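Okay, protein.cif now, which holds mmCIF, C-alpha atoms and all ligand atoms:
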```cif
data_my_file
loop_
_atom_site.label_atom_id
_atom_site.label_comp_id
_atom_site.auth_asym_id
_atom_site.auth_seq_id
_atom_site.Cartn_x
_atom_site.Cartn_y
_atom_site.Cartn_z
CA MET A 562 7.43 119.10 -4.39
CA PRO A 563 4.97 118.09 -1.66
CA HIS A 564 4.50 120.45 1.28
CA PRO A 565 5.42 119.27 4.76
CA GLY A 566 2.69 119.81 7.33
CA PRO A 567 3.21 120.81 10.98
CA GLY A 568 6.01 118.72 12.53
CA GLU A 569 6.96 117.25 9.18
CA VAL A 570 9.87 117.53 6.78
CA CYS A 571 10.16 117.05 3.04
CA VAL A 572 13.15 114.90 2.11
CA ARG A 573 14.62 114.95 -1.38
CA VAL A 574 15.47 111.27 -1.82
CA SER A 575 19.10 110.67 -2.86
CA TYR A 576 19.42 106.88 -2.61
CA ALA A 577 16.99 104.06 -1.92
CA GLY A 578 17.69 100.33 -1.65
CA ILE A 579 15.69 97.50 -3.21
CA CYS A 580 14.67 95.01 -0.55
CA GLY A 581 13.32 91.46 -0.76
CA SER A 582 9.81 92.67 0.09
CA ASP A 583 9.93 95.16 -2.83
CA LEU A 584 10.80 92.21 -5.07
CA HIS A 585 7.85 90.22 -3.71
CA TYR A 586 5.48 93.09 -4.48
CA PHE A 587 7.06 93.63 -7.90
CA LEU A 588 7.02 89.97 -8.94
CA HIS A 589 4.02 88.52 -7.13
CA GLY A 590 1.92 91.51 -6.01
CA GLY A 591 2.60 90.73 -2.36
CA PHE A 592 3.66 87.98 0.02
CA GLY A 593 1.88 85.77 2.52
CA LYS A 594 -1.64 87.12 2.89
CA ILE A 595 -0.63 90.66 1.97
CA ARG A 596 -1.77 91.62 -1.52
CA MET A 597 -1.53 94.96 -3.28
CA GLN A 598 -5.04 96.29 -3.90
CA GLU A 599 -3.94 99.22 -6.04
CA PRO A 600 -0.73 100.65 -7.55
CA MET A 601 1.68 101.96 -4.96
CA VAL A 602 5.18 103.41 -4.75
CA LEU A 603 7.58 100.74 -3.43
CA GLY A 604 10.67 101.20 -1.27
CA HIS A 605 11.36 101.62 2.43
CA GLU A 606 15.15 101.98 2.52
CA GLY A 607 15.70 105.63 1.70
CA CYS A 608 18.00 108.48 2.56
CA GLY A 609 18.31 112.02 1.29
CA ILE A 610 18.48 115.71 2.08
CA ILE A 611 15.90 117.77 3.91
CA GLN A 612 14.46 120.19 1.39
CA ALA A 613 11.75 121.92 3.41
CA VAL A 614 10.35 121.85 6.93
CA GLY A 615 6.83 122.35 8.25
CA SER A 616 5.82 124.57 11.15
CA GLY A 617 7.39 123.64 14.46
CA VAL A 618 10.50 122.12 12.87
CA ASP A 619 13.86 123.89 13.15
CA SER A 620 14.61 125.48 9.77
CA ASP A 621 18.32 124.78 10.40
CA ARG A 622 17.51 121.25 9.37
CA ILE A 623 17.10 122.30 5.72
CA GLY A 624 20.05 120.80 3.84
CA GLN A 625 20.67 118.14 6.48
CA TRP A 626 21.54 114.58 5.37
CA VAL A 627 19.06 112.10 6.79
CA ALA A 628 18.16 108.42 6.81
CA VAL A 629 14.40 107.96 6.56
CA ASN A 630 12.85 105.64 9.15
CA PRO A 631 10.00 104.05 7.16
CA SER A 632 7.99 103.11 10.22
CA LEU A 633 5.51 105.38 11.96
CA SER A 634 3.56 103.96 14.89
CA CYS A 635 0.46 105.53 16.38
CA ARG A 636 1.78 105.73 19.97
CA VAL A 637 -1.75 105.26 21.39
CA CYS A 638 -2.79 101.65 20.68
CA ASP A 639 -2.27 98.93 23.32
CA GLU A 640 0.88 97.59 21.64
CA CYS A 641 2.42 101.05 21.37
CA ARG A 642 1.61 101.85 24.98
CA ALA A 643 3.16 98.55 26.03
CA GLY A 644 6.38 99.62 24.29
CA ARG A 645 6.02 97.14 21.41
CA VAL A 646 5.65 99.76 18.72
CA ARG A 647 6.62 97.39 15.90
CA PHE A 648 3.30 95.61 16.48
CA CYS A 649 1.33 98.87 16.35
CA THR A 650 -2.16 98.04 15.12
CA SER A 651 -2.22 101.26 13.03
CA MET A 652 1.36 101.06 11.79
CA CYS A 653 2.18 103.22 8.77
CA PHE A 654 5.16 101.53 7.10
CA MET A 655 6.37 103.09 3.87
CA GLY A 656 6.13 100.99 0.73
CA SER A 657 3.85 98.49 2.45
CA ALA A 658 0.40 97.25 1.41
CA THR A 659 -0.53 96.03 4.90
CA ARG A 660 -2.83 99.06 5.12
CA ASN A 661 -5.50 100.00 2.64
CA PRO A 662 -4.88 102.45 1.03
CA PRO A 663 -1.19 101.52 1.14
CA VAL A 664 1.54 103.79 2.52
CA GLU A 665 3.57 105.06 -0.43
CA GLY A 666 7.26 104.21 -0.41
CA VAL A 667 10.53 106.03 -1.06
CA PHE A 668 11.20 105.21 -4.74
CA ARG A 669 10.29 108.79 -5.67
CA GLN A 670 11.93 112.19 -5.71
CA HIS A 671 10.40 113.60 -2.53
CA VAL A 672 9.06 112.02 0.63
CA VAL A 673 7.20 113.83 3.41
CA CYS A 674 7.56 112.30 6.86
CA THR A 675 7.56 113.41 10.49
CA ALA A 676 10.70 115.25 11.57
CA ALA A 677 11.47 112.38 13.96
CA GLN A 678 11.48 109.87 11.08
CA ALA A 679 14.26 111.80 9.34
CA LEU A 680 17.35 110.85 11.35
CA PRO A 681 20.40 113.09 10.95
CA TYR A 682 23.24 111.24 9.25
CA THR A 683 26.80 112.50 9.66
CA GLY A 684 28.70 109.95 7.55
CA GLU A 685 31.15 110.72 4.77
CA THR A 686 29.01 109.54 1.86
CA LEU A 687 25.23 109.62 1.88
CA GLU A 688 24.52 106.39 -0.04
CA GLU A 689 25.53 104.18 2.88
CA ALA A 690 22.64 105.60 4.91
CA ALA A 691 20.21 103.71 2.64
CA LEU A 692 21.26 100.57 4.51
CA ALA A 693 20.11 101.87 7.90
CA GLU A 694 16.74 100.09 7.64
CA PRO A 695 18.05 96.59 6.87
CA LEU A 696 20.82 97.08 9.44
CA ALA A 697 18.17 98.00 12.02
CA VAL A 698 16.38 94.72 11.20
CA CYS A 699 19.61 92.82 11.96
CA LEU A 700 20.34 94.75 15.16
CA HIS A 701 16.82 93.96 16.33
CA ALA A 702 17.28 90.27 15.47
CA ILE A 703 20.46 90.12 17.48
CA SER A 704 18.76 91.87 20.39
CA GLN A 705 16.70 88.65 20.69
CA VAL A 706 19.87 86.93 21.86
CA ASN A 707 21.78 87.54 25.05
CA GLY A 708 24.84 89.01 23.28
CA LEU A 709 27.08 87.34 20.70
CA ASN A 710 30.42 87.91 22.41
CA ASP A 711 32.54 84.71 22.21
CA LYS A 712 29.61 82.85 20.66
CA ARG A 713 29.71 80.44 17.74
CA VAL A 714 27.28 81.83 15.18
CA LEU A 715 25.70 80.37 12.05
CA ILE A 716 24.09 82.58 9.41
CA THR A 717 21.89 80.74 6.91
CA GLY A 718 21.16 82.73 3.75
CA PHE A 719 23.65 85.36 2.66
CA GLY A 720 21.59 88.07 1.00
CA PRO A 721 21.76 91.65 2.31
CA ILE A 722 20.23 90.69 5.68
CA GLY A 723 22.60 87.75 6.12
CA ALA A 724 25.56 89.93 5.14
CA LEU A 725 24.57 92.67 7.59
CA CYS A 726 24.08 90.02 10.31
CA LEU A 727 27.66 88.91 9.65
CA LEU A 728 28.94 92.47 10.09
CA VAL A 729 26.91 92.89 13.29
CA ALA A 730 28.07 89.51 14.66
CA ARG A 731 31.71 90.45 14.03
CA HIS A 732 31.14 93.84 15.66
CA ALA A 733 29.52 92.09 18.63
CA GLY A 734 32.60 89.91 19.17
CA ALA A 735 31.40 86.53 17.92
CA ALA A 736 34.14 83.90 18.28
CA HIS A 737 33.38 81.97 15.11
CA ILE A 738 30.97 82.72 12.28
CA SER A 739 29.80 80.20 9.70
CA VAL A 740 27.71 81.14 6.69
CA THR A 741 25.63 78.98 4.36
CA ASP A 742 24.20 79.84 0.98
CA VAL A 743 23.86 78.27 -2.46
CA SER A 744 25.38 81.17 -4.43
CA ALA A 745 29.14 80.98 -4.99
CA SER A 746 29.50 84.75 -5.21
CA ALA A 747 27.57 85.21 -1.95
CA LEU A 748 29.90 82.73 -0.23
CA ASP A 749 32.95 84.54 -1.65
CA LEU A 750 31.69 87.82 -0.24
CA ALA A 751 31.04 86.13 3.11
CA ARG A 752 34.70 85.06 3.27
CA GLN A 753 35.86 88.54 2.26
CA LEU A 754 33.73 90.06 5.01
CA GLY A 755 35.31 87.86 7.66
CA ALA A 756 33.25 84.67 7.87
CA ASN A 757 35.40 81.91 9.40
CA ALA A 758 33.68 79.30 7.26
CA ALA A 759 31.32 79.51 4.27
CA TYR A 760 29.45 76.44 3.07
CA ASP A 761 27.47 75.67 -0.06
CA SER A 762 24.41 74.14 1.57
CA SER A 763 23.31 72.48 -1.69
CA VAL A 764 26.27 70.08 -1.44
CA PRO A 765 25.24 66.93 0.47
CA GLY A 766 27.12 66.63 3.77
CA ALA A 767 28.57 70.16 3.50
CA LEU A 768 27.40 71.03 7.01
CA ASP A 769 28.44 67.80 8.72
CA ALA A 770 31.11 69.62 10.73
CA LEU A 771 28.41 71.86 12.22
CA THR A 772 25.70 69.30 12.78
CA GLU A 773 27.56 66.32 14.26
CA GLU A 774 26.92 65.45 17.90
CA GLY A 775 23.70 67.43 18.05
CA GLY A 776 25.09 70.71 16.74
CA CYS A 777 27.89 73.02 17.87
CA VAL A 778 26.55 76.50 17.14
CA ASP A 779 25.35 78.74 20.00
CA VAL A 780 23.20 81.03 17.89
CA SER A 781 21.79 80.57 14.39
CA LEU A 782 20.49 83.58 12.49
CA GLU A 783 18.16 82.21 9.82
CA CYS A 784 17.86 84.76 7.03
CA SER A 785 16.56 82.78 4.06
CA ALA A 786 13.20 81.25 5.13
CA HIS A 787 14.00 78.32 2.86
CA PRO A 788 12.84 75.08 4.55
CA SER A 789 16.20 73.37 4.07
CA ALA A 790 18.05 76.36 5.55
CA ILE A 791 15.66 76.42 8.52
CA ALA A 792 16.40 72.72 9.01
CA ASP A 793 20.15 73.41 8.79
CA ALA A 794 19.91 76.17 11.39
CA ILE A 795 17.94 73.96 13.79
CA THR A 796 20.20 70.96 13.25
CA ALA A 797 23.45 72.90 13.71
CA THR A 798 22.39 74.66 16.92
CA ARG A 799 23.60 73.04 20.15
CA PRO A 800 21.22 71.99 22.93
CA CYS A 801 19.71 75.03 24.67
CA GLY A 802 21.03 77.27 21.88
CA THR A 803 18.97 79.87 20.04
CA VAL A 804 17.66 80.09 16.49
CA VAL A 805 16.48 83.53 15.44
CA GLN A 806 14.14 83.37 12.45
CA ILE A 807 14.49 86.59 10.43
CA GLY A 808 13.68 85.39 6.91
CA MET A 809 10.01 85.21 6.03
CA LEU A 810 8.27 83.65 3.04
CA GLY A 811 4.82 82.09 2.85
CA LEU A 812 2.57 81.25 5.75
CA GLU A 813 3.42 77.57 5.95
CA THR A 814 6.97 76.29 6.06
CA THR A 815 8.16 72.92 7.28
CA ALA A 816 10.75 72.67 10.06
CA PRO A 817 12.16 69.73 12.08
CA LEU A 818 10.22 70.42 15.26
CA THR A 819 11.63 67.31 16.94
CA HIS A 820 15.05 68.92 17.27
CA ILE A 821 13.53 72.03 18.82
CA VAL A 822 11.96 69.78 21.45
CA THR A 823 14.79 67.34 22.13
CA LYS A 824 17.48 70.05 22.21
CA GLU A 825 15.25 72.52 24.08
CA LEU A 826 16.10 75.18 21.52
CA ASN A 827 14.93 78.74 21.83
CA PHE A 828 13.25 79.46 18.52
CA ARG A 829 12.70 83.21 18.27
CA GLY A 830 11.04 85.21 15.56
CA SER A 831 12.29 88.71 14.88
CA PHE A 832 10.17 91.32 13.10
CA ARG A 833 11.33 94.68 11.80
CA PHE A 834 12.89 96.98 14.47
CA ASP A 835 12.17 99.71 17.01
CA VAL A 836 14.83 101.93 18.53
CA GLU A 837 17.53 100.10 16.57
CA PHE A 838 17.05 102.40 13.57
CA GLU A 839 18.84 105.27 15.29
CA GLU A 840 21.66 102.96 16.38
CA ALA A 841 21.97 101.67 12.81
CA VAL A 842 22.34 105.22 11.44
CA LYS A 843 25.15 105.92 13.92
CA LEU A 844 26.97 102.63 13.28
CA ILE A 845 26.93 103.29 9.53
CA ALA A 846 27.98 106.95 9.84
CA SER A 847 30.95 106.03 12.05
CA ARG A 848 31.71 103.02 9.81
CA LYS A 849 31.86 100.82 12.90
CA ILE A 850 29.65 98.77 10.60
CA ASP A 851 31.09 99.35 7.15
CA VAL A 852 28.33 98.63 4.66
CA ARG A 853 30.22 99.78 1.57
CA PRO A 854 31.15 96.28 0.29
CA LEU A 855 27.43 95.41 0.17
CA ILE A 856 26.45 98.14 -2.29
CA THR A 857 26.90 96.54 -5.68
CA GLN A 858 24.91 98.77 -8.08
CA ARG A 859 23.50 102.29 -8.24
CA LEU A 860 20.92 102.85 -10.97
CA SER A 861 18.61 105.67 -11.95
CA LEU A 862 14.84 105.37 -11.66
CA ALA A 863 14.72 105.25 -15.47
CA GLU A 864 16.59 101.94 -15.21
CA ALA A 865 14.04 100.48 -12.81
CA ASP A 866 13.48 97.27 -14.79
CA LYS A 867 17.20 96.59 -14.90
CA ALA A 868 17.52 97.42 -11.20
CA PHE A 869 14.78 94.96 -10.26
CA SER A 870 16.21 92.18 -12.40
CA LEU A 871 19.70 92.76 -10.97
CA ALA A 872 18.29 92.69 -7.44
CA GLN A 873 16.85 89.23 -8.19
CA ASP A 874 20.15 87.91 -9.48
CA ARG A 875 22.15 86.93 -6.42
CA ASN A 876 25.23 86.13 -8.50
CA GLN A 877 25.39 89.71 -9.76
CA SER A 878 24.18 91.83 -6.88
CA MET A 879 24.04 92.21 -3.12
CA LYS A 880 22.30 95.55 -2.48
CA VAL A 881 21.03 97.49 -5.49
CA LEU A 882 20.37 101.20 -4.87
CA PHE A 883 18.36 103.70 -6.83
CA LYS A 884 20.34 106.88 -7.19
CA PHE A 885 18.24 110.00 -7.74
ZN ZN B 901 14.05 96.19 3.74
ZN ZN B 902 0.13 101.92 17.80
#
```
Show me this structure written as structure tokens.
Amino acid sequence: MPHPGPGEVCVRVSYAGICGSDLHYFLHGGFGKIRMQEPMVLGHEGCGIIQAVGSGVDSDRIGQWVAVNPSLSCRVCDECRAGRVRFCTSMCFMGSATRNPPVEGVFRQHVVCTAAQALPYTGETLEEAALAEPLAVCLHAISQVNGLNDKRVLITGFGPIGALCLLVARHAGAAHISVTDVSASALDLARQLGANAAYDSSVPGALDALTEEGGCVDVSLECSAHPSAIADAITATRPCGTVVQIGMLGLETTAPLTHIVTKELNFRGSFRFDVEFEEAVKLIASRKIDVRPLITQRLSLAEADKAFSLAQDRNQSMKVLFKF
């Protein structure tokens, strides 16, 4: 067991979720320009139990259930001082190869982090806390928009991020939520979770109801990064509406720029999260956002190959967790 230094805690990991970026590292050694230079431990969606504390940390915290915030900013660079800590130029993000050497992730028995990164979790079952990180991503994405109350919302791409966006949009009082995907089981789950409409975007004309007359959606949350889904989101959004781009693939993706111009769309990117992590932990613990239907498998680390292939199969899984 690693020893926590001053101001740090050692967390015994209980559950950790497999994310799209873990799959990119696993399958392709990275994404965009980011390439793994050496072996590293993946995973940034972890939760567990505090096993030991370093000096300066209240020993009462030993035994506490926590969600691990994978992001640690330096607090001194220009971006940090401007309050944009997610753009920290010295960011340490667990399970990420953006730094060299990389920051090891949470797919391991013990993780040492600062006491502030281990957020107390008071929910009924610990496994749900593994979804705090992706939920924080969605809360941050929706913070790019001026509220969703009474809005017509489109979510393109119904993986874990799309599904969490649906839960957040419902919680935020959206009037009508449409979902698009190409997986029948994803669309079924969308309906179960309260989507008003779920469309198979691979069927020609499936989105006509959304796209006629220049689009009828106030806010599109684009979670797939697939060029055709980006085009759907832009086409379905009404003039002066907002498209939030959350999904991310390669560096170059085509998009119908003309519609952004002629409809004066707000096209916003959304990257990771800041303060939303703490809010995500509370929303999950109180089950105001009930993430339980998203957890489809729990596998041991010994079953890692199976876990990674399940996580790639969208007809069989939504969120796959490692259970330690
Ligand atoms: Zn993630
Ligand atoms: Zn910084």
Interatomic distance, CA of Met562 (chain A) to CA of Leu584 (chain A) (Å, one decimal)
27.1 Å
Kindly provide the residues of chain A that approach ligand ZN 901 (chain B) to within 8 Å, each paired with its closest atom pair and their distance in Å to one decimal, based on all atoms listed in the file, listed by chain and increasing number, as CSV.
```
residue,atom,partner,partner_atom,distance
A:Gly578,CA,B:ZN901,ZN,7.7
A:Ile579,CA,B:ZN901,ZN,7.3
A:Cys580,CA,B:ZN901,ZN,4.5
A:Gly581,CA,B:ZN901,ZN,6.6
A:Ser582,CA,B:ZN901,ZN,6.6
A:Asp583,CA,B:ZN901,ZN,7.8
A:Gly604,CA,B:ZN901,ZN,7.9
A:His605,CA,B:ZN901,ZN,6.2
A:Glu606,CA,B:ZN901,ZN,6.0
A:Glu694,CA,B:ZN901,ZN,6.1
A:Pro695,CA,B:ZN901,ZN,5.1
A:Val698,CA,B:ZN901,ZN,8.0
```
Hey, which residues come within 8 Å of ligand ZN 902 (chain B) if we count all atoms listed in the file? Could you give them as a PyMOL selection string?
chain A and resi 634-642+646+648-652
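Checking A:Leu709, A:Cys699, A:Val714, A:Ala730 one by one against Cys784 (chain A), counting all atoms listed in the file, you find the shortest gap at A:Cys699.
Coordinates place CA of Ala747 (chain A) at a distance of 18.6 Å from CA of Pro765 (chain A).
Taking CA of Pro631 (chain A) and CA of Arg669 (chain A) as endpoints, the distance between them is 13.7 Å.
Closest to Leu700 (chain A) among A:Ala733, A:Val743, A:Cys608, A:Ala577 is A:Ala733, based on all atoms listed in the file.
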Counting all atoms listed in the file, the residue among A:Gly666, A:Gly802, A:Gly723, A:Pro854 that lies closest to Gly607 (chain A) is A:Gly666
Would you tabulate, counting only C-alpha atoms, all residues of region 652-712 of chain A that have an atom at most 12 Å from an atom of region 612-629 of chain A, showing the closest pair of atoms and their distance in Å to one decimal, sorted by chain then ascending number, as JSON lines?
```
{"residue": "A:Phe654", "atom": "CA", "partner": "A:Val629", "partner_atom": "CA", "distance": 11.3}
{"residue": "A:Met655", "atom": "CA", "partner": "A:Val629", "partner_atom": "CA", "distance": 9.8}
{"residue": "A:Gly666", "atom": "CA", "partner": "A:Val629", "partner_atom": "CA", "distance": 10.7}
{"residue": "A:Val667", "atom": "CA", "partner": "A:Val629", "partner_atom": "CA", "distance": 8.8}
{"residue": "A:Gln670", "atom": "CA", "partner": "A:Gln612", "partner_atom": "CA", "distance": 11.0}
{"residue": "A:His671", "atom": "CA", "partner": "A:Gln612", "partner_atom": "CA", "distance": 8.7}
{"residue": "A:Val672", "atom": "CA", "partner": "A:Val629", "partner_atom": "CA", "distance": 9.0}
{"residue": "A:Val673", "atom": "CA", "partner": "A:Ala613", "partner_atom": "CA", "distance": 9.3}
{"residue": "A:Cys674", "atom": "CA", "partner": "A:Val629", "partner_atom": "CA", "distance": 8.1}
{"residue": "A:Thr675", "atom": "CA", "partner": "A:Gly615", "partner_atom": "CA", "distance": 9.2}
{"residue": "A:Ala676", "atom": "CA", "partner": "A:Val618", "partner_atom": "CA", "distance": 7.0}
{"residue": "A:Ala677", "atom": "CA", "partner": "A:Val629", "partner_atom": "CA", "distance": 9.1}
{"residue": "A:Gln678", "atom": "CA", "partner": "A:Val629", "partner_atom": "CA", "distance": 5.7}
{"residue": "A:Ala679", "atom": "CA", "partner": "A:Val629", "partner_atom": "CA", "distance": 4.7}
{"residue": "A:Leu680", "atom": "CA", "partner": "A:Val627", "partner_atom": "CA", "distance": 5.0}
{"residue": "A:Pro681", "atom": "CA", "partner": "A:Val627", "partner_atom": "CA", "distance": 4.5}
{"residue": "A:Tyr682", "atom": "CA", "partner": "A:Val627", "partner_atom": "CA", "distance": 4.9}
{"residue": "A:Thr683", "atom": "CA", "partner": "A:Trp626", "partner_atom": "CA", "distance": 7.1}
{"residue": "A:Gly684", "atom": "CA", "partner": "A:Trp626", "partner_atom": "CA", "distance": 8.8}
{"residue": "A:Glu685", "atom": "CA", "partner": "A:Trp626", "partner_atom": "CA", "distance": 10.4}
{"residue": "A:Thr686", "atom": "CA", "partner": "A:Trp626", "partner_atom": "CA", "distance": 9.7}
{"residue": "A:Leu687", "atom": "CA", "partner": "A:Trp626", "partner_atom": "CA", "distance": 7.1}
{"residue": "A:Glu688", "atom": "CA", "partner": "A:Ala628", "partner_atom": "CA", "distance": 9.6}
{"residue": "A:Glu689", "atom": "CA", "partner": "A:Ala628", "partner_atom": "CA", "distance": 9.4}
{"residue": "A:Ala690", "atom": "CA", "partner": "A:Ala628", "partner_atom": "CA", "distance": 5.6}
{"residue": "A:Ala691", "atom": "CA", "partner": "A:Ala628", "partner_atom": "CA", "distance": 6.6}
{"residue": "A:Leu692", "atom": "CA", "partner": "A:Ala628", "partner_atom": "CA", "distance": 8.7}
{"residue": "A:Ala693", "atom": "CA", "partner": "A:Ala628", "partner_atom": "CA", "distance": 6.9}
{"residue": "A:Glu694", "atom": "CA", "partner": "A:Val629", "partner_atom": "CA", "distance": 8.3}
{"residue": "A:Pro695", "atom": "CA", "partner": "A:Ala628", "partner_atom": "CA", "distance": 11.8}
{"residue": "A:Leu696", "atom": "CA", "partner": "A:Ala628", "partner_atom": "CA", "distance": 11.9}
{"residue": "A:Ala697", "atom": "CA", "partner": "A:Ala628", "partner_atom": "CA", "distance": 11.6}
```
Writer output for current selection, C-alpha atoms, as a tab-separated table (two decimals), in the frame of the given file:
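Dumped everything to part_26.tsv:
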```tsv
chain	number	residue	atom	x	y	z
A	654	PHE	CA	5.16	101.53	7.10
A	655	MET	CA	6.37	103.09	3.87
A	666	GLY	CA	7.26	104.21	-0.41
A	667	VAL	CA	10.53	106.03	-1.06
A	670	GLN	CA	11.93	112.19	-5.71
A	671	HIS	CA	10.40	113.60	-2.53
A	672	VAL	CA	9.06	112.02	0.63
A	673	VAL	CA	7.20	113.83	3.41
A	674	CYS	CA	7.56	112.30	6.86
A	675	THR	CA	7.56	113.41	10.49
A	676	ALA	CA	10.70	115.25	11.57
A	677	ALA	CA	11.47	112.38	13.96
A	678	GLN	CA	11.48	109.87	11.08
A	679	ALA	CA	14.26	111.80	9.34
A	680	LEU	CA	17.35	110.85	11.35
A	681	PRO	CA	20.40	113.09	10.95
A	682	TYR	CA	23.24	111.24	9.25
A	683	THR	CA	26.80	112.50	9.66
A	684	GLY	CA	28.70	109.95	7.55
A	685	GLU	CA	31.15	110.72	4.77
A	686	THR	CA	29.01	109.54	1.86
A	687	LEU	CA	25.23	109.62	1.88
A	688	GLU	CA	24.52	106.39	-0.04
A	689	GLU	CA	25.53	104.18	2.88
A	690	ALA	CA	22.64	105.60	4.91
A	691	ALA	CA	20.21	103.71	2.64
A	692	LEU	CA	21.26	100.57	4.51
A	693	ALA	CA	20.11	101.87	7.90
A	694	GLU	CA	16.74	100.09	7.64
A	695	PRO	CA	18.05	96.59	6.87
A	696	LEU	CA	20.82	97.08	9.44
A	697	ALA	CA	18.17	98.00	12.02
```
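Taking only C-alpha atoms into account, Cys777 (chain A) lies nearest to A:Ala797 out of the set A:Ala797, A:Leu810, A:Ile856, A:Ala790.
The closest residue to Arg853 (chain A), picked from A:Leu728, A:Gly775, A:Gly755, A:Phe832 and counting only C-alpha atoms, is A:Leu728.
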Return region 855-861 of chain A, completed with all heavy atoms, as a PDB file, in the frame of the given file.
```
ATOM      1  N   LEU A 855      28.725  96.012   0.516  1.00  0.00           N
ATOM      2  CA  LEU A 855      27.430  95.410   0.170  1.00  0.00           C
ATOM      3  C   LEU A 855      26.740  96.125  -0.992  1.00  0.00           C
ATOM      4  O   LEU A 855      25.839  95.565  -1.621  1.00  0.00           O
ATOM      5  CB  LEU A 855      26.491  95.428   1.382  1.00  0.00           C
ATOM      6  CG  LEU A 855      26.587  94.252   2.348  1.00  0.00           C
ATOM      7  CD1 LEU A 855      27.989  94.070   2.893  1.00  0.00           C
ATOM      8  CD2 LEU A 855      25.607  94.426   3.483  1.00  0.00           C
ATOM      9  N   ILE A 856      27.133  97.369  -1.240  1.00  0.00           N
ATOM     10  CA  ILE A 856      26.450  98.140  -2.290  1.00  0.00           C
ATOM     11  C   ILE A 856      27.080  97.774  -3.626  1.00  0.00           C
ATOM     12  O   ILE A 856      28.231  98.098  -3.884  1.00  0.00           O
ATOM     13  CB  ILE A 856      26.562  99.659  -2.022  1.00  0.00           C
ATOM     14  CG1 ILE A 856      25.966  99.997  -0.658  1.00  0.00           C
ATOM     15  CG2 ILE A 856      25.878 100.445  -3.141  1.00  0.00           C
ATOM     16  CD1 ILE A 856      26.211 101.431  -0.202  1.00  0.00           C
ATOM     17  N   THR A 857      26.314  97.053  -4.447  1.00  0.00           N
ATOM     18  CA  THR A 857      26.900  96.540  -5.680  1.00  0.00           C
ATOM     19  C   THR A 857      26.508  97.348  -6.914  1.00  0.00           C
ATOM     20  O   THR A 857      27.250  97.370  -7.886  1.00  0.00           O
ATOM     21  CB  THR A 857      26.521  95.059  -5.890  1.00  0.00           C
ATOM     22  OG1 THR A 857      25.129  94.898  -5.633  1.00  0.00           O
ATOM     23  CG2 THR A 857      27.311  94.166  -4.957  1.00  0.00           C
ATOM     24  N   GLN A 858      25.329  97.978  -6.912  1.00  0.00           N
ATOM     25  CA  GLN A 858      24.910  98.770  -8.080  1.00  0.00           C
ATOM     26  C   GLN A 858      24.147 100.005  -7.632  1.00  0.00           C
ATOM     27  O   GLN A 858      23.471  99.975  -6.599  1.00  0.00           O
ATOM     28  CB  GLN A 858      23.984  97.965  -9.008  1.00  0.00           C
ATOM     29  CG  GLN A 858      24.654  96.917  -9.856  1.00  0.00           C
ATOM     30  CD  GLN A 858      24.689  95.545  -9.195  1.00  0.00           C
ATOM     31  OE1 GLN A 858      24.109  95.344  -8.129  1.00  0.00           O
ATOM     32  NE2 GLN A 858      25.384  94.614  -9.812  1.00  0.00           N
ATOM     33  N   ARG A 859      24.284 101.054  -8.432  1.00  0.00           N
ATOM     34  CA  ARG A 859      23.500 102.290  -8.240  1.00  0.00           C
ATOM     35  C   ARG A 859      22.887 102.619  -9.595  1.00  0.00           C
ATOM     36  O   ARG A 859      23.628 102.867 -10.545  1.00  0.00           O
ATOM     37  CB  ARG A 859      24.400 103.443  -7.796  1.00  0.00           C
ATOM     38  CG  ARG A 859      25.181 103.173  -6.538  1.00  0.00           C
ATOM     39  CD  ARG A 859      26.591 103.733  -6.683  1.00  0.00           C
ATOM     40  NE  ARG A 859      27.405 103.444  -5.504  1.00  0.00           N
ATOM     41  CZ  ARG A 859      28.203 102.370  -5.410  1.00  0.00           C
ATOM     42  NH1 ARG A 859      28.308 101.521  -6.425  1.00  0.00           N
ATOM     43  NH2 ARG A 859      28.902 102.169  -4.319  1.00  0.00           N
ATOM     44  N   LEU A 860      21.568 102.605  -9.680  1.00  0.00           N
ATOM     45  CA  LEU A 860      20.920 102.850 -10.970  1.00  0.00           C
ATOM     46  C   LEU A 860      19.896 103.963 -10.835  1.00  0.00           C
ATOM     47  O   LEU A 860      19.366 104.212  -9.743  1.00  0.00           O
ATOM     48  CB  LEU A 860      20.240 101.576 -11.468  1.00  0.00           C
ATOM     49  CG  LEU A 860      21.206 100.481 -11.942  1.00  0.00           C
ATOM     50  CD1 LEU A 860      21.253  99.351 -10.959  1.00  0.00           C
ATOM     51  CD2 LEU A 860      20.827  99.985 -13.312  1.00  0.00           C
ATOM     52  N   SER A 861      19.606 104.608 -11.965  1.00  0.00           N
ATOM     53  CA  SER A 861      18.610 105.670 -11.950  1.00  0.00           C
ATOM     54  C   SER A 861      17.220 105.050 -11.990  1.00  0.00           C
ATOM     55  O   SER A 861      17.049 103.884 -12.361  1.00  0.00           O
ATOM     56  CB  SER A 861      18.809 106.597 -13.148  1.00  0.00           C
ATOM     57  OG  SER A 861      18.371 105.928 -14.312  1.00  0.00           O
TER      58      SER A 861
END
```
